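Trainee: Quick one: structure below, then a few questions.
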Amino acid sequence: MKKRDIGIIIIVLAIALIGIYFTQLKKQPQTETKLVISAMGEVYKEIPLTKETSEVFTVETDLGLNKVKIKDGIIKMYEADCPDQICVHNTPIDEVGQMIVCLPNQVIVEVVSTNQR
Amino acid sequence: MKIQTRKLVFISMLVAQAMILSYIESLLPAIPIQGAKLGLANIATLLALSSLNFKESLLIVVARTVLSSFMFGNMTVLIYSLSGGVLSLLAMYLILKLPKSTISYVGVSIIGAIFHNAGQLSVAVLVLQNIKIYLLWPYLLLLAIPTGLFVGLVSNYLLKYLRKNNFNFKDNR
């Protein structure tokens, strides 16, 4: 560990914290939210989200299968046929701005506010 | 001639080590943040950058990403690992031009991790046509600190040992 190492750590930490602060700031408190599922660059499905939403569905494209489960407004990708399984290991999401991405199957599941657009 | 053979063996060894390290990493429990990983294969890249020139290091990075995707992964993820790997190599190469007395492999490996993320996220934005993917970057930056620290410290100790055993192909080329 040398002088510039510590400098780099401090700068990176500062940028990361500022970035996280701003992504959190963009969140409006308790607006209407919906879940947008896009596959291969196009919107595949939109589901209005509430605390009670419970649904299980499959996103099927030419690239593969992704199974998404919504339970009490919390979204989890519970199964996918992609090789890396990164999307399956992702933590469940429920807040505006959070997303689960499956790169190999080109599937994005994100929570957005209905007030935007 | 003798040096050339030694170097060839060293390069092949680094490619093999990098592949094994990424395989071992795939056995570890996944970090539940999108796109986050420990980056153990970066140890081999750092070793390459410190002992070989840029072209040979690039060869190692390309060879290991292509071979790893063939063996353990899938060709669709090749473009992500390749873009991340090459961009991080470039960044680490440039930062290593700084005087050695001011920076160790800890800083270099953190920079490498950040640019690896940047490369992968940019390709993801292009492929998935969704700019919001960049929102994941601050979290990955934060995570780059502990993972980079770990990889950097390992490299620091490893290189100290290798130097003692005259593993350097930069000077006697």
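Each chain of the structure tokens is named A, B, ... in the order shown, its residues numbered from 1; ligands are numbered from 1 in display order.
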Give the residues of chain A that lie within 6 Å of chain B; count only C-alpha atoms, and format the answer as a VMD selection string.
Mentor: chain A and resid 1 to 5 16 19 to 20 41 89 to 91 104
Trainee: For the selection just defined, write its residues with C-alpha atoms to a file, as a tab-separated table (two decimals), in the first residue's frame.
Mentor:
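File produced: out.tsv:
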chain	number	residue	atom	x	y	z
A	1	MET	CA	0.00	0.00	0.00
A	2	LYS	CA	1.43	3.30	-1.13
A	3	LYS	CA	0.30	6.90	-1.05
A	4	ARG	CA	-1.55	6.89	-4.37
A	5	ASP	CA	-3.35	3.63	-3.47
A	16	ALA	CA	-19.45	5.76	-5.42
A	19	GLY	CA	-23.49	8.20	-7.16
A	20	ILE	CA	-25.49	6.04	-4.77
A	41	GLY	CA	-34.51	-4.22	-26.40
A	89	HIS	CA	-28.43	-14.84	-7.60
A	90	ASN	CA	-29.49	-11.20	-7.59
A	91	THR	CA	-31.28	-9.96	-4.48
A	104	PRO	CA	-27.12	-13.60	-21.95
Trainee: Using the chain letters and numbers from this document, which residues of chain A does DSSP assign to strand (DSSP E), as a PyMOL selection string?
Mentor: chain A and resi 33-39+42-49+55-60+65-71+74-80+99-102+107-113
Trainee: Go through A:Val68, A:Thr61, A:Gln85, A:Leu25 and flag the residue nearest Glu42 of chain A, using only C-alpha atoms for the distances.
Mentor: A:Thr61
Trainee: Tell me which of B:Lys160, B:Lys7, B:His116, B:Lys2 sits closest to Ser57 of chain B, counting only C-alpha atoms.
Mentor: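 Among B:Lys160, B:Lys7, B:His116, B:Lys2, it is B:Lys7 that comes nearest to Ser57 of chain B.
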Trainee: May I ask for the distance between atom CA of Gly112 of chain B and atom CA of Tyr93 of chain B, given in Å to one decimal place?
Mentor: 9.1 Å
Trainee: Using DSSP on the backbone coordinates, identify all residues within chain B classified as helix (DSSP H, G or I); present the result as a tab-separated table (two decimals) with N, CA and C atoms, in the first residue's frame.
Mentor:
chain	number	residue	atom	x	y	z
B	2	LYS	N	16.84	-19.21	-25.35
B	2	LYS	CA	16.42	-19.77	-24.09
B	2	LYS	C	15.37	-18.89	-23.41
B	3	ILE	N	15.63	-17.57	-23.50
B	3	ILE	CA	14.71	-16.62	-22.90
B	3	ILE	C	13.35	-16.69	-23.58
B	4	GLN	N	13.38	-16.82	-24.91
B	4	GLN	CA	12.12	-16.93	-25.66
B	4	GLN	C	11.28	-18.12	-25.19
B	5	THR	N	11.93	-19.23	-24.99
B	5	THR	CA	11.20	-20.43	-24.54
B	5	THR	C	10.64	-20.23	-23.15
B	6	ARG	N	11.46	-19.67	-22.28
B	6	ARG	CA	11.01	-19.38	-20.92
B	6	ARG	C	9.78	-18.49	-20.94
B	7	LYS	N	9.84	-17.49	-21.83
B	7	LYS	CA	8.74	-16.53	-21.91
B	7	LYS	C	7.47	-17.21	-22.41
B	8	LEU	N	7.63	-18.05	-23.40
B	8	LEU	CA	6.46	-18.76	-23.96
B	8	LEU	C	5.80	-19.62	-22.89
B	9	VAL	N	6.64	-20.30	-22.12
B	9	VAL	CA	6.10	-21.13	-21.04
B	9	VAL	C	5.38	-20.27	-20.02
B	10	PHE	N	6.00	-19.13	-19.71
B	10	PHE	CA	5.41	-18.21	-18.71
B	10	PHE	C	4.05	-17.71	-19.20
B	11	ILE	N	3.96	-17.35	-20.49
B	11	ILE	CA	2.69	-16.85	-21.04
B	11	ILE	C	1.62	-17.94	-20.97
B	12	SER	N	1.96	-19.15	-21.40
B	12	SER	CA	0.96	-20.22	-21.38
B	12	SER	C	0.52	-20.53	-19.96
B	13	MET	N	1.48	-20.45	-19.03
B	13	MET	CA	1.17	-20.70	-17.64
B	13	MET	C	0.18	-19.67	-17.11
B	14	LEU	N	0.41	-18.40	-17.47
B	14	LEU	CA	-0.49	-17.35	-17.00
B	14	LEU	C	-1.90	-17.53	-17.56
B	15	VAL	N	-2.00	-17.92	-18.83
B	15	VAL	CA	-3.32	-18.15	-19.42
B	15	VAL	C	-4.03	-19.28	-18.66
B	16	ALA	N	-3.29	-20.36	-18.42
B	16	ALA	CA	-3.88	-21.50	-17.71
B	16	ALA	C	-4.30	-21.10	-16.30
B	17	GLN	N	-3.44	-20.35	-15.62
B	17	GLN	CA	-3.75	-19.93	-14.25
B	17	GLN	C	-4.98	-19.03	-14.21
B	18	ALA	N	-5.04	-18.11	-15.18
B	18	ALA	CA	-6.19	-17.20	-15.21
B	18	ALA	C	-7.48	-17.98	-15.40
B	19	MET	N	-7.43	-19.00	-16.28
B	19	MET	CA	-8.63	-19.80	-16.52
B	19	MET	C	-9.05	-20.57	-15.28
B	20	ILE	N	-8.06	-21.16	-14.62
B	20	ILE	CA	-8.38	-21.92	-13.41
B	20	ILE	C	-8.93	-21.00	-12.33
B	21	LEU	N	-8.32	-19.80	-12.22
B	21	LEU	CA	-8.80	-18.86	-11.20
B	21	LEU	C	-10.24	-18.44	-11.47
B	22	SER	N	-10.59	-18.21	-12.74
B	22	SER	CA	-11.99	-17.83	-12.99
B	22	SER	C	-12.91	-19.02	-12.78
B	23	TYR	N	-12.39	-20.23	-12.97
B	23	TYR	CA	-13.22	-21.41	-12.69
B	23	TYR	C	-13.46	-21.55	-11.18
B	24	ILE	N	-12.38	-21.39	-10.40
B	24	ILE	CA	-12.52	-21.46	-8.94
B	24	ILE	C	-13.51	-20.40	-8.47
B	25	GLU	N	-13.41	-19.21	-9.09
B	25	GLU	CA	-14.30	-18.14	-8.69
B	25	GLU	C	-15.76	-18.47	-8.96
B	26	SER	N	-16.01	-19.20	-10.05
B	26	SER	CA	-17.40	-19.56	-10.36
B	26	SER	C	-17.95	-20.57	-9.35
B	27	LEU	N	-17.07	-21.22	-8.60
B	27	LEU	CA	-17.53	-22.17	-7.58
B	27	LEU	C	-17.89	-21.47	-6.28
B	41	ALA	N	-9.03	-13.67	-11.67
B	41	ALA	CA	-8.24	-13.80	-12.90
B	41	ALA	C	-7.38	-12.56	-13.13
B	42	ASN	N	-7.77	-11.47	-12.49
B	42	ASN	CA	-7.00	-10.24	-12.62
B	42	ASN	C	-5.59	-10.38	-12.03
B	43	ILE	N	-5.41	-11.32	-11.10
B	43	ILE	CA	-4.07	-11.57	-10.54
B	43	ILE	C	-3.12	-11.94	-11.68
B	44	ALA	N	-3.60	-12.82	-12.57
B	44	ALA	CA	-2.76	-13.24	-13.70
B	44	ALA	C	-2.48	-12.07	-14.63
B	45	THR	N	-3.48	-11.22	-14.85
B	45	THR	CA	-3.28	-10.07	-15.73
B	45	THR	C	-2.25	-9.12	-15.13
B	46	LEU	N	-2.35	-8.89	-13.83
B	46	LEU	CA	-1.38	-8.00	-13.16
B	46	LEU	C	0.03	-8.57	-13.26
B	47	LEU	N	0.13	-9.88	-13.09
B	47	LEU	CA	1.42	-10.55	-13.21
B	47	LEU	C	1.99	-10.36	-14.60
B	48	ALA	N	1.10	-10.49	-15.59
B	48	ALA	CA	1.51	-10.33	-16.99
B	48	ALA	C	2.02	-8.92	-17.23
B	49	LEU	N	1.24	-7.93	-16.77
B	49	LEU	CA	1.62	-6.53	-17.00
B	49	LEU	C	2.94	-6.19	-16.35
B	50	SER	N	3.21	-6.83	-15.21
B	50	SER	CA	4.43	-6.48	-14.50
B	50	SER	C	5.66	-7.17	-15.10
B	51	SER	N	5.46	-8.31	-15.74
B	51	SER	CA	6.61	-9.07	-16.22
B	51	SER	C	6.76	-9.10	-17.73
B	54	PHE	N	3.08	-4.95	-23.25
B	54	PHE	CA	1.64	-4.77	-23.41
B	54	PHE	C	1.03	-5.78	-24.37
B	55	LYS	N	1.72	-6.02	-25.48
B	55	LYS	CA	1.19	-6.91	-26.50
B	55	LYS	C	1.00	-8.33	-25.96
B	56	GLU	N	2.00	-8.78	-25.20
B	56	GLU	CA	1.92	-10.13	-24.65
B	56	GLU	C	0.81	-10.22	-23.59
B	57	SER	N	0.65	-9.13	-22.81
B	57	SER	CA	-0.42	-9.11	-21.82
B	57	SER	C	-1.78	-9.17	-22.49
B	58	LEU	N	-1.92	-8.42	-23.58
B	58	LEU	CA	-3.18	-8.41	-24.33
B	58	LEU	C	-3.48	-9.81	-24.85
B	59	LEU	N	-2.45	-10.47	-25.34
B	59	LEU	CA	-2.60	-11.84	-25.82
B	59	LEU	C	-3.15	-12.74	-24.72
B	60	ILE	N	-2.59	-12.58	-23.51
B	60	ILE	CA	-3.03	-13.41	-22.38
B	60	ILE	C	-4.50	-13.16	-22.06
B	61	VAL	N	-4.87	-11.86	-22.02
B	61	VAL	CA	-6.26	-11.52	-21.67
B	61	VAL	C	-7.23	-12.08	-22.71
B	62	VAL	N	-6.92	-11.87	-23.99
B	62	VAL	CA	-7.82	-12.34	-25.05
B	62	VAL	C	-7.90	-13.87	-25.03
B	63	ALA	N	-6.74	-14.52	-24.90
B	63	ALA	CA	-6.73	-15.98	-24.91
B	63	ALA	C	-7.55	-16.54	-23.75
B	64	ARG	N	-7.39	-15.97	-22.57
B	64	ARG	CA	-8.10	-16.55	-21.43
B	64	ARG	C	-9.61	-16.29	-21.50
B	65	THR	N	-10.03	-15.11	-21.99
B	65	THR	CA	-11.47	-14.86	-22.06
B	65	THR	C	-12.11	-15.77	-23.11
B	66	VAL	N	-11.46	-15.91	-24.26
B	66	VAL	CA	-12.03	-16.76	-25.32
B	66	VAL	C	-12.07	-18.21	-24.86
B	67	LEU	N	-10.96	-18.70	-24.28
B	67	LEU	CA	-10.92	-20.10	-23.85
B	67	LEU	C	-11.89	-20.37	-22.70
B	68	SER	N	-11.97	-19.41	-21.76
B	68	SER	CA	-12.89	-19.59	-20.63
B	68	SER	C	-14.33	-19.65	-21.11
B	69	SER	N	-14.69	-18.79	-22.06
B	69	SER	CA	-16.08	-18.81	-22.54
B	69	SER	C	-16.36	-20.12	-23.26
B	70	PHE	N	-15.35	-20.65	-23.94
B	70	PHE	CA	-15.53	-21.93	-24.63
B	70	PHE	C	-15.78	-23.04	-23.62
B	71	MET	N	-15.01	-23.04	-22.55
B	71	MET	CA	-15.02	-24.20	-21.65
B	71	MET	C	-16.08	-24.11	-20.56
B	75	MET	N	-20.84	-18.55	-25.49
B	75	MET	CA	-20.30	-17.54	-26.39
B	75	MET	C	-21.03	-16.20	-26.31
B	76	THR	N	-22.28	-16.20	-25.85
B	76	THR	CA	-23.00	-14.93	-25.81
B	76	THR	C	-22.42	-13.98	-24.76
B	77	VAL	N	-21.77	-14.53	-23.74
B	77	VAL	CA	-21.20	-13.64	-22.73
B	77	VAL	C	-19.75	-13.26	-23.07
B	78	LEU	N	-19.23	-13.81	-24.15
B	78	LEU	CA	-17.85	-13.52	-24.53
B	78	LEU	C	-17.63	-12.03	-24.76
B	79	ILE	N	-18.57	-11.39	-25.45
B	79	ILE	CA	-18.40	-9.97	-25.77
B	79	ILE	C	-18.30	-9.12	-24.50
B	80	TYR	N	-19.01	-9.54	-23.44
B	80	TYR	CA	-18.95	-8.78	-22.18
B	80	TYR	C	-17.60	-8.96	-21.49
B	81	SER	N	-17.15	-10.20	-21.40
B	81	SER	CA	-15.88	-10.41	-20.71
B	81	SER	C	-14.71	-9.84	-21.51
B	82	LEU	N	-14.82	-9.91	-22.83
B	82	LEU	CA	-13.74	-9.39	-23.68
B	82	LEU	C	-13.64	-7.87	-23.57
B	83	SER	N	-14.79	-7.18	-23.64
B	83	SER	CA	-14.75	-5.72	-23.56
B	83	SER	C	-14.24	-5.28	-22.21
B	84	GLY	N	-14.72	-5.94	-21.14
B	84	GLY	CA	-14.27	-5.59	-19.80
B	84	GLY	C	-12.79	-5.87	-19.63
B	85	GLY	N	-12.36	-7.04	-20.09
B	85	GLY	CA	-10.97	-7.44	-19.92
B	85	GLY	C	-10.00	-6.52	-20.64
B	86	VAL	N	-10.30	-6.19	-21.89
B	86	VAL	CA	-9.39	-5.36	-22.67
B	86	VAL	C	-9.34	-3.94	-22.13
B	87	LEU	N	-10.52	-3.39	-21.79
B	87	LEU	CA	-10.54	-2.03	-21.27
B	87	LEU	C	-9.78	-1.94	-19.94
B	88	SER	N	-9.96	-2.93	-19.08
B	88	SER	CA	-9.28	-2.88	-17.79
B	88	SER	C	-7.77	-3.06	-17.96
B	89	LEU	N	-7.38	-3.88	-18.93
B	89	LEU	CA	-5.95	-4.04	-19.22
B	89	LEU	C	-5.33	-2.72	-19.65
B	90	LEU	N	-6.04	-2.03	-20.54
B	90	LEU	CA	-5.56	-0.74	-21.05
B	90	LEU	C	-5.40	0.27	-19.90
B	91	ALA	N	-6.40	0.33	-19.03
B	91	ALA	CA	-6.37	1.26	-17.91
B	91	ALA	C	-5.22	0.93	-16.97
B	92	MET	N	-5.04	-0.36	-16.69
B	92	MET	CA	-3.98	-0.75	-15.76
B	92	MET	C	-2.60	-0.51	-16.36
B	93	TYR	N	-2.49	-0.72	-17.68
B	93	TYR	CA	-1.22	-0.48	-18.36
B	93	TYR	C	-0.83	0.99	-18.24
B	94	LEU	N	-1.82	1.87	-18.46
B	94	LEU	CA	-1.53	3.31	-18.39
B	94	LEU	C	-1.18	3.74	-16.97
B	95	ILE	N	-1.90	3.19	-15.98
B	95	ILE	CA	-1.66	3.62	-14.60
B	95	ILE	C	-0.31	3.09	-14.10
B	105	TYR	N	0.16	-2.46	-6.46
B	105	TYR	CA	-0.84	-3.18	-7.26
B	105	TYR	C	-2.25	-3.08	-6.69
B	106	VAL	N	-2.37	-2.59	-5.46
B	106	VAL	CA	-3.70	-2.37	-4.90
B	106	VAL	C	-4.44	-1.31	-5.71
B	107	GLY	N	-3.80	-0.16	-5.89
B	107	GLY	CA	-4.41	0.92	-6.67
B	107	GLY	C	-4.66	0.49	-8.11
B	108	VAL	N	-3.66	-0.18	-8.69
B	108	VAL	CA	-3.77	-0.61	-10.08
B	108	VAL	C	-4.95	-1.56	-10.24
B	109	SER	N	-5.10	-2.48	-9.29
B	109	SER	CA	-6.17	-3.47	-9.45
B	109	SER	C	-7.55	-2.85	-9.23
B	110	ILE	N	-7.63	-1.83	-8.36
B	110	ILE	CA	-8.92	-1.14	-8.19
B	110	ILE	C	-9.29	-0.42	-9.49
B	111	ILE	N	-8.32	0.27	-10.08
B	111	ILE	CA	-8.56	0.94	-11.37
B	111	ILE	C	-8.99	-0.09	-12.42
B	112	GLY	N	-8.31	-1.23	-12.43
B	112	GLY	CA	-8.66	-2.28	-13.38
B	112	GLY	C	-10.09	-2.76	-13.20
B	113	ALA	N	-10.48	-2.95	-11.93
B	113	ALA	CA	-11.84	-3.42	-11.63
B	113	ALA	C	-12.88	-2.41	-12.13
B	114	ILE	N	-12.60	-1.12	-11.89
B	114	ILE	CA	-13.55	-0.08	-12.29
B	114	ILE	C	-13.74	-0.07	-13.81
B	115	PHE	N	-12.61	-0.19	-14.53
B	115	PHE	CA	-12.73	-0.13	-15.98
B	115	PHE	C	-13.31	-1.42	-16.56
B	116	HIS	N	-13.10	-2.52	-15.84
B	116	HIS	CA	-13.76	-3.76	-16.25
B	116	HIS	C	-15.28	-3.58	-16.19
B	117	ASN	N	-15.75	-3.02	-15.08
B	117	ASN	CA	-17.18	-2.74	-14.94
B	117	ASN	C	-17.66	-1.78	-16.02
B	118	ALA	N	-16.88	-0.72	-16.24
B	118	ALA	CA	-17.27	0.29	-17.22
B	118	ALA	C	-17.43	-0.33	-18.60
B	119	GLY	N	-16.49	-1.17	-18.98
B	119	GLY	CA	-16.55	-1.82	-20.29
B	119	GLY	C	-17.77	-2.71	-20.42
B	120	GLN	N	-17.99	-3.52	-19.39
B	120	GLN	CA	-19.14	-4.44	-19.44
B	120	GLN	C	-20.47	-3.70	-19.45
B	121	LEU	N	-20.57	-2.67	-18.60
B	121	LEU	CA	-21.84	-1.93	-18.54
B	121	LEU	C	-22.11	-1.23	-19.86
B	122	SER	N	-21.05	-0.68	-20.48
B	122	SER	CA	-21.24	0.04	-21.74
B	122	SER	C	-21.72	-0.91	-22.82
B	123	VAL	N	-21.14	-2.10	-22.88
B	123	VAL	CA	-21.61	-3.07	-23.87
B	123	VAL	C	-23.05	-3.48	-23.56
B	124	ALA	N	-23.35	-3.65	-22.27
B	124	ALA	CA	-24.72	-4.02	-21.89
B	124	ALA	C	-25.71	-2.93	-22.30
B	125	VAL	N	-25.32	-1.66	-22.11
B	125	VAL	CA	-26.18	-0.55	-22.52
B	125	VAL	C	-26.43	-0.61	-24.02
B	126	LEU	N	-25.38	-0.89	-24.79
B	126	LEU	CA	-25.52	-0.95	-26.25
B	126	LEU	C	-26.38	-2.13	-26.68
B	127	VAL	N	-26.13	-3.29	-26.07
B	127	VAL	CA	-26.85	-4.50	-26.50
B	127	VAL	C	-28.32	-4.44	-26.07
B	128	LEU	N	-28.53	-4.03	-24.82
B	128	LEU	CA	-29.90	-4.05	-24.29
B	128	LEU	C	-30.67	-2.77	-24.57
B	131	ILE	N	-30.25	2.77	-21.19
B	131	ILE	CA	-29.21	3.59	-20.58
B	131	ILE	C	-29.22	3.47	-19.06
B	132	LYS	N	-30.36	3.04	-18.51
B	132	LYS	CA	-30.49	2.97	-17.05
B	132	LYS	C	-29.55	1.96	-16.41
B	133	ILE	N	-28.97	1.09	-17.23
B	133	ILE	CA	-28.05	0.10	-16.68
B	133	ILE	C	-26.86	0.78	-15.99
B	134	TYR	N	-26.53	1.99	-16.44
B	134	TYR	CA	-25.43	2.73	-15.80
B	134	TYR	C	-25.72	3.02	-14.33
B	135	LEU	N	-26.99	2.95	-13.91
B	135	LEU	CA	-27.32	3.19	-12.51
B	135	LEU	C	-26.69	2.15	-11.59
B	136	LEU	N	-26.31	1.02	-12.14
B	136	LEU	CA	-25.67	-0.02	-11.33
B	136	LEU	C	-24.22	0.33	-11.01
B	137	TRP	N	-23.65	1.28	-11.75
B	137	TRP	CA	-22.22	1.54	-11.65
B	137	TRP	C	-21.75	1.98	-10.27
B	138	PRO	N	-22.46	2.93	-9.59
B	138	PRO	CA	-21.98	3.33	-8.25
B	138	PRO	C	-21.82	2.15	-7.30
B	139	TYR	N	-22.74	1.19	-7.36
B	139	TYR	CA	-22.65	0.04	-6.46
B	139	TYR	C	-21.44	-0.82	-6.80
B	140	LEU	N	-21.18	-0.94	-8.11
B	140	LEU	CA	-20.02	-1.73	-8.52
B	140	LEU	C	-18.73	-1.03	-8.15
B	141	LEU	N	-18.74	0.33	-8.22
B	141	LEU	CA	-17.57	1.11	-7.80
B	141	LEU	C	-17.25	0.82	-6.34
B	142	LEU	N	-18.30	0.86	-5.53
B	142	LEU	CA	-18.13	0.64	-4.10
B	142	LEU	C	-17.52	-0.74	-3.84
B	143	LEU	N	-17.99	-1.71	-4.61
B	143	LEU	CA	-17.52	-3.08	-4.43
B	143	LEU	C	-16.12	-3.29	-4.99
B	144	ALA	N	-15.73	-2.43	-5.93
B	144	ALA	CA	-14.40	-2.55	-6.54
B	144	ALA	C	-13.31	-2.31	-5.49
B	145	ILE	N	-13.64	-1.59	-4.43
B	145	ILE	CA	-12.62	-1.29	-3.41
B	145	ILE	C	-12.19	-2.56	-2.66
B	146	PRO	N	-13.12	-3.29	-2.00
B	146	PRO	CA	-12.66	-4.51	-1.32
B	146	PRO	C	-12.10	-5.57	-2.27
B	147	THR	N	-12.74	-5.78	-3.43
B	147	THR	CA	-12.22	-6.82	-4.33
B	147	THR	C	-10.87	-6.42	-4.89
B	148	GLY	N	-10.73	-5.15	-5.26
B	148	GLY	CA	-9.46	-4.67	-5.78
B	148	GLY	C	-8.36	-4.74	-4.73
B	149	LEU	N	-8.74	-4.44	-3.50
B	149	LEU	CA	-7.79	-4.50	-2.39
B	149	LEU	C	-7.28	-5.92	-2.21
B	150	PHE	N	-8.19	-6.88	-2.26
B	150	PHE	CA	-7.82	-8.29	-2.10
B	150	PHE	C	-6.88	-8.74	-3.22
B	151	VAL	N	-7.31	-8.51	-4.45
B	151	VAL	CA	-6.52	-8.92	-5.61
B	151	VAL	C	-5.17	-8.21	-5.62
B	152	GLY	N	-5.18	-6.91	-5.28
B	152	GLY	CA	-3.95	-6.13	-5.28
B	152	GLY	C	-2.96	-6.62	-4.23
B	153	LEU	N	-3.46	-6.92	-3.03
B	153	LEU	CA	-2.57	-7.39	-1.96
B	153	LEU	C	-1.95	-8.74	-2.33
B	154	VAL	N	-2.79	-9.64	-2.89
B	154	VAL	CA	-2.27	-10.94	-3.32
B	154	VAL	C	-1.16	-10.73	-4.35
B	155	SER	N	-1.40	-9.83	-5.31
B	155	SER	CA	-0.41	-9.59	-6.35
B	155	SER	C	0.87	-8.98	-5.78
B	156	ASN	N	0.71	-8.07	-4.83
B	156	ASN	CA	1.88	-7.47	-4.19
B	156	ASN	C	2.80	-8.55	-3.60
B	157	TYR	N	2.20	-9.46	-2.84
B	157	TYR	CA	3.01	-10.49	-2.19
B	157	TYR	C	3.58	-11.47	-3.21
B	158	LEU	N	2.74	-11.84	-4.18
B	158	LEU	CA	3.16	-12.80	-5.19
B	158	LEU	C	4.34	-12.26	-5.99
B	159	LEU	N	4.27	-10.98	-6.35
B	159	LEU	CA	5.32	-10.40	-7.19
B	159	LEU	C	6.63	-10.27	-6.43
B	160	LYS	N	6.51	-9.96	-5.14
B	160	LYS	CA	7.71	-9.87	-4.32
B	160	LYS	C	8.46	-11.20	-4.37
B	161	TYR	N	7.70	-12.28	-4.28
B	161	TYR	CA	8.27	-13.63	-4.32
B	161	TYR	C	8.86	-13.95	-5.69
B	162	LEU	N	8.11	-13.60	-6.74
B	162	LEU	CA	8.57	-13.90	-8.10
B	162	LEU	C	9.83	-13.12	-8.46
B	163	ARG	N	9.91	-11.87	-8.00
B	163	ARG	CA	11.08	-11.06	-8.28
B	163	ARG	C	12.34	-11.70	-7.69
B	164	LYS	N	12.17	-12.28	-6.51
B	164	LYS	CA	13.30	-12.95	-5.85
B	164	LYS	C	13.81	-14.08	-6.71
Trainee: List the neighbours of Ile100 of chain A out to 8 Å using only C-alpha atoms; skip same-chain residues closer than 4 positions along the sequence, and give me the result as a list in words.
Mentor: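 Within the cut-off, the hits are Met77, Cys87, Asn90, Ile93, Ile108, Val109 and Glu110 of chain A; Gln34 of chain B.
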Trainee: Just to be explicit: take each residue in the selection above, keep N, CA and C atoms, and write the result as an mmCIF file, in the first residue's frame.
Mentor:
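Once written, again_9.cif looks like this:
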data_model
loop_
_atom_site.group_PDB
_atom_site.id
_atom_site.type_symbol
_atom_site.label_atom_id
_atom_site.label_comp_id
_atom_site.auth_asym_id
_atom_site.auth_seq_id
_atom_site.Cartn_x
_atom_site.Cartn_y
_atom_site.Cartn_z
ATOM 1 N N MET A 77 -36.152 -13.059 -9.690
ATOM 2 C CA MET A 77 -35.963 -13.936 -10.848
ATOM 3 C C MET A 77 -35.536 -15.276 -10.276
ATOM 4 N N CYS A 87 -28.446 -13.402 -12.799
ATOM 5 C CA CYS A 87 -29.768 -12.834 -12.536
ATOM 6 C C CYS A 87 -30.484 -13.595 -11.419
ATOM 7 N N ASN A 90 -29.246 -12.584 -7.974
ATOM 8 C CA ASN A 90 -29.486 -11.196 -7.586
ATOM 9 C C ASN A 90 -30.497 -11.120 -6.437
ATOM 10 N N ILE A 93 -35.991 -7.446 -5.711
ATOM 11 C CA ILE A 93 -36.115 -5.993 -5.814
ATOM 12 C C ILE A 93 -37.553 -5.574 -5.532
ATOM 13 N N ILE A 108 -34.369 -7.490 -19.107
ATOM 14 C CA ILE A 108 -34.271 -6.544 -17.997
ATOM 15 C C ILE A 108 -35.609 -6.494 -17.284
ATOM 16 N N VAL A 109 -35.572 -6.622 -15.976
ATOM 17 C CA VAL A 109 -36.770 -6.480 -15.163
ATOM 18 C C VAL A 109 -36.529 -5.275 -14.271
ATOM 19 N N GLU A 110 -37.318 -4.207 -14.427
ATOM 20 C CA GLU A 110 -37.057 -3.027 -13.605
ATOM 21 C C GLU A 110 -38.339 -2.432 -13.037
ATOM 22 N N GLN B 34 -25.671 -7.202 -9.194
ATOM 23 C CA GLN B 34 -25.564 -7.468 -10.619
ATOM 24 C C GLN B 34 -24.164 -7.195 -11.157
#
Trainee: Residues near segment 43-48 of chain A, anyone? I mean within 10 Å using only C-alpha atoms, not counting same-chain ones fewer than 3 positions away, as a list in words.
Mentor: Glu32, Thr33, Lys34, Leu35, Val36, Ile37, Ser38, Ala39, Met40, Thr53, Glu55, Val59, Glu60, Thr61, Gly73, Val107, Ile108, Val109, Glu110, Val111, Val112, Ser113 and Thr114 of chain A
